[in-house]
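Structure file data_39.tsv; described as TSV, C-alpha atoms.
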```
chain	number	residue	atom	x	y	z
A	1	MET	CA	9.04	-19.37	-3.19
A	2	ASN	CA	12.22	-18.83	-5.14
A	3	ASN	CA	15.51	-20.13	-3.68
A	4	LYS	CA	17.37	-16.97	-4.81
A	5	TYR	CA	15.42	-14.90	-2.28
A	6	HIS	CA	15.08	-14.70	1.46
A	7	PHE	CA	11.83	-13.48	3.03
A	8	ASN	CA	12.43	-10.74	5.59
A	9	GLU	CA	9.63	-11.14	8.14
A	10	PHE	CA	10.21	-7.75	9.75
A	11	GLU	CA	10.16	-5.72	6.51
A	12	LYS	CA	7.64	-8.03	4.75
A	13	ARG	CA	9.66	-8.32	1.55
A	14	PHE	CA	11.79	-10.76	-0.43
A	15	GLU	CA	15.49	-9.84	-0.32
A	16	SER	CA	17.80	-11.17	-3.00
A	17	LYS	CA	20.56	-13.60	-2.05
A	18	GLU	CA	22.47	-12.74	-5.22
A	19	ILE	CA	25.38	-10.39	-4.67
A	20	VAL	CA	26.13	-9.06	-8.18
A	21	CYS	CA	24.49	-5.73	-8.99
A	22	LYS	CA	21.86	-6.12	-11.74
A	23	TYR	CA	22.39	-2.55	-12.90
A	24	CYS	CA	26.13	-2.40	-13.61
A	25	ASN	CA	26.80	-6.19	-13.53
A	26	SER	CA	30.25	-5.58	-12.07
A	27	ARG	CA	30.14	-4.56	-8.42
A	28	THR	CA	28.73	-6.48	-5.48
A	29	MET	CA	25.67	-5.55	-3.50
A	30	GLY	CA	26.14	-4.31	0.05
A	31	ASP	CA	23.25	-3.38	2.29
A	32	PRO	CA	19.82	-4.95	1.59
A	33	GLU	CA	18.30	-1.48	2.11
A	34	GLU	CA	20.00	-0.38	-1.12
A	35	GLN	CA	18.20	-2.99	-3.21
A	36	TYR	CA	15.39	-1.80	-5.45
A	37	TYR	CA	12.14	-3.42	-4.33
A	38	ALA	CA	9.67	-3.98	-7.13
A	39	SER	CA	6.09	-4.19	-5.92
A	40	ILE	CA	3.75	-6.61	-7.64
A	41	TYR	CA	0.05	-7.06	-6.91
A	42	ARG	CA	-2.65	-9.69	-7.22
A	43	VAL	CA	-6.37	-8.99	-6.87
A	44	MET	CA	-7.94	-11.32	-4.32
A	45	ASN	CA	-11.49	-10.00	-4.21
A	46	ARG	CA	-13.35	-7.26	-6.02
A	47	SER	CA	-16.86	-6.13	-5.07
A	48	ASN	CA	-19.03	-3.67	-6.90
A	49	ILE	CA	-22.05	-2.95	-4.76
A	50	ILE	CA	-24.22	-0.02	-5.79
A	51	ILE	CA	-23.11	2.26	-2.97
A	52	LYS	CA	-19.64	0.87	-2.30
A	53	ARG	CA	-16.84	-0.49	-4.46
A	54	THR	CA	-13.90	-2.31	-2.89
A	55	VAL	CA	-10.87	-4.23	-4.00
A	56	GLU	CA	-8.71	-6.51	-1.88
A	57	TYR	CA	-5.25	-7.38	-3.12
A	58	ASN	CA	-1.95	-8.87	-2.06
A	59	GLU	CA	1.30	-7.02	-2.54
A	60	ILE	CA	4.78	-8.49	-2.45
A	61	LYS	CA	8.05	-6.66	-2.77
A	62	ILE	CA	10.90	-8.40	-4.56
A	63	GLY	CA	14.45	-7.09	-4.20
A	64	ILE	CA	16.67	-6.44	-7.19
A	65	PRO	CA	20.38	-6.44	-6.18
A	66	ARG	CA	21.99	-3.01	-6.47
A	67	CYS	CA	25.47	-1.85	-5.45
A	68	ASN	CA	26.11	1.29	-3.43
A	69	ASP	CA	27.28	3.30	-6.48
A	70	CYS	CA	24.15	2.52	-8.51
A	71	PHE	CA	21.99	3.26	-5.46
A	72	LYS	CA	23.62	6.69	-5.14
A	73	ILE	CA	23.12	7.40	-8.84
A	74	HIS	CA	19.41	6.53	-8.65
A	75	GLU	CA	18.91	8.60	-5.49
A	76	GLY	CA	20.83	11.51	-7.04
A	77	GLY	CA	18.57	11.40	-10.08
A	78	LYS	CA	15.48	11.57	-7.85
A	79	ALA	CA	16.86	14.55	-5.93
A	80	ARG	CA	17.82	16.41	-9.10
A	81	GLY	CA	14.44	15.69	-10.66
A	82	GLY	CA	12.57	17.22	-7.73
A	83	PHE	CA	14.92	20.20	-7.47
A	84	TYR	CA	14.77	21.07	-11.18
A	85	THR	CA	11.00	20.69	-11.21
A	86	ILE	CA	10.54	23.14	-8.35
A	87	ILE	CA	12.94	25.67	-9.91
A	88	LEU	CA	11.36	25.43	-13.37
A	89	SER	CA	7.83	25.68	-11.96
A	90	ILE	CA	8.67	28.82	-9.98
A	91	LEU	CA	10.46	30.26	-13.01
A	92	ALA	CA	7.48	29.50	-15.30
A	93	LEU	CA	5.03	31.14	-12.88
A	94	GLY	CA	7.32	34.16	-12.55
A	95	ILE	CA	7.58	34.58	-16.31
A	96	PHE	CA	3.80	34.21	-16.74
A	97	HIS	CA	3.20	36.78	-14.00
A	98	TYR	CA	5.69	39.22	-15.52
A	99	LEU	CA	4.42	38.85	-19.10
A	100	PHE	CA	0.69	38.45	-18.63
A	101	GLY	CA	-0.25	39.62	-15.16
A	102	GLU	CA	-1.72	37.92	-12.14
A	103	ALA	CA	-4.99	36.74	-13.71
A	104	VAL	CA	-3.19	34.69	-16.37
A	105	VAL	CA	-0.99	33.04	-13.75
A	106	TYR	CA	-4.08	31.51	-12.17
A	107	ALA	CA	-5.35	30.43	-15.60
A	108	LEU	CA	-2.02	28.85	-16.58
A	109	ILE	CA	-1.23	27.18	-13.25
A	110	PHE	CA	-1.69	23.79	-14.94
A	111	ILE	CA	1.64	24.14	-16.81
A	112	PRO	CA	3.81	23.82	-13.67
A	113	ILE	CA	1.57	20.96	-12.53
A	114	ILE	CA	2.26	19.15	-15.81
A	115	LEU	CA	5.97	19.89	-15.36
A	116	ALA	CA	5.82	18.45	-11.84
A	117	ALA	CA	4.17	15.28	-13.11
A	118	PHE	CA	6.47	14.39	-16.01
A	119	LEU	CA	9.76	16.24	-15.67
A	120	PRO	CA	11.23	14.30	-12.70
A	121	MET	CA	10.80	11.00	-14.58
A	122	GLY	CA	12.73	12.29	-17.56
A	123	ILE	CA	15.48	13.77	-15.42
A	124	ARG	CA	15.86	10.51	-13.45
A	125	GLU	CA	16.09	8.44	-16.64
A	126	ASN	CA	18.53	10.87	-18.27
A	127	TYR	CA	20.72	10.95	-15.15
A	128	ALA	CA	20.87	7.14	-14.97
A	129	HIS	CA	21.67	6.79	-18.69
A	130	LYS	CA	24.35	9.46	-18.37
A	131	HIS	CA	26.07	7.18	-15.84
A	132	ASN	CA	25.60	4.12	-18.11
A	133	ILE	CA	23.19	2.23	-15.87
A	134	PRO	CA	19.53	1.38	-16.49
A	135	THR	CA	16.68	3.04	-14.61
A	136	GLU	CA	15.47	1.51	-11.35
A	137	GLU	CA	12.55	-0.31	-12.96
A	138	ALA	CA	14.44	-1.73	-15.96
A	139	PRO	CA	15.91	-4.92	-14.37
A	140	THR	CA	12.48	-5.99	-13.15
A	141	LYS	CA	11.59	-6.83	-16.76
A	142	ASP	CA	14.47	-9.31	-16.91
A	143	ASN	CA	13.87	-10.96	-13.52
A	144	GLU	CA	12.75	-14.56	-14.08
A	145	TRP	CA	10.73	-14.83	-10.88
A	146	ILE	CA	8.83	-11.60	-11.57
A	147	LYS	CA	8.16	-12.78	-15.13
A	148	SER	CA	6.70	-16.06	-13.84
A	149	LEU	CA	4.53	-14.26	-11.28
A	150	LEU	CA	3.23	-11.91	-13.96
A	151	GLN	CA	2.27	-14.93	-16.08
A	152	GLU	CA	0.39	-16.35	-13.07
A	153	GLY	CA	-1.84	-13.27	-12.86
A	154	TRP	CA	0.15	-10.83	-10.78
A	155	SER	CA	0.53	-7.23	-12.00
A	156	THR	CA	3.03	-4.42	-11.61
A	157	LYS	CA	0.21	-1.87	-11.35
A	158	ARG	CA	-1.61	-1.31	-8.07
A	159	PRO	CA	-5.27	-2.33	-8.41
A	160	GLU	CA	-7.78	0.50	-8.35
A	161	VAL	CA	-11.34	0.50	-7.11
```

Starting from the coordinates I provided, produce the structure as structure tokens.
Amino acid sequence: MNNKYHFNEFEKRFESKEIVCKYCNSRTMGDPEEQYYASIYRVMNRSNIIIKRTVEYNEIKIGIPRCNDCFKIHEGGKARGGFYTIILSILALGIFHYLFGEAVVYALIFIPIILAAFLPMGIRENYAHKHNIPTEEAPTKDNEWIKSLLQEGWSTKRPEV
């Protein structure tokens, strides 16, 4: 275990003892709930039987210190991303219905689905950069403990069956 972190038994996560925000590097962290918790995974057992495939893995959450202002910026970016996606999807379906009729709307329904998948990410990143802070995931690449765990075989991607 790393001495810069405290394990919270109730929440089952590692909370940072550092108090300086890793996003703006100027303000101090307040509430541990405002930290960004990066999840990392390690496969413990994988079975591939003919009729059943399973994977067992461990997950740990490691807190990245974040001040209240950066927390609000990240949450605001998420809210705006979802809102703009819904509005643009409804607008796109309305335009398709007006221009091409109802049958084409059902054929082109995949366009709002693609918007819903990728647009919120771009809006979140743009909103964070507009406020001169990195995205939520960016400081995890610089965290020494996460780097060492990744070298030991842990992964940032959830294992799939």

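Interatomic distance, CA of Lys22 (chain A) against CA of Arg158 (chain A): 24.2 Å.
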
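With distances taken over all atoms listed in the file, A:Val161 is the one residue among A:Ala117, A:Val161, A:Lys78, A:Ile19 lying closest to Lys52 (chain A).
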
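Coordinates place CA of Asp69 (chain A) at a distance of 27.1 Å from CA of Glu9 (chain A).
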
Selected residue of minimal separation from Arg53 (chain A) among A:Glu160, A:Leu91, A:Ser16, A:Leu119, counting all atoms listed in the file: A:Glu160

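The space separating CA of Leu108 (chain A) from CA of Ile86 (chain A) comes to 16.1 Å.
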
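Nearest residue to Tyr37 (chain A), choosing from A:Gly153, A:Ile87, A:Pro159, A:Pro65 and counting only C-alpha atoms: A:Pro65.
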
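Minimum distance to Tyr84 (chain A) across A:Glu59, A:Arg27, A:Ile133, A:Phe118 (counting only C-alpha atoms) occurs at A:Phe118.
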
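Residue nearest Pro139 (chain A), chosen from A:Asn58, A:Asn2, A:Asn25, A:Asn48 and counting all atoms listed in the file: A:Asn25.
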
Can you list, as a PyMOL selection string, every protein, DNA or RNA residue that comes within 12 Å of Ile95 (chain A) when you count all atoms listed in the file, leaving out same-chain residues fewer than 5 positions away? chain A and resi 88-90+100-102+104-105+108-109+112
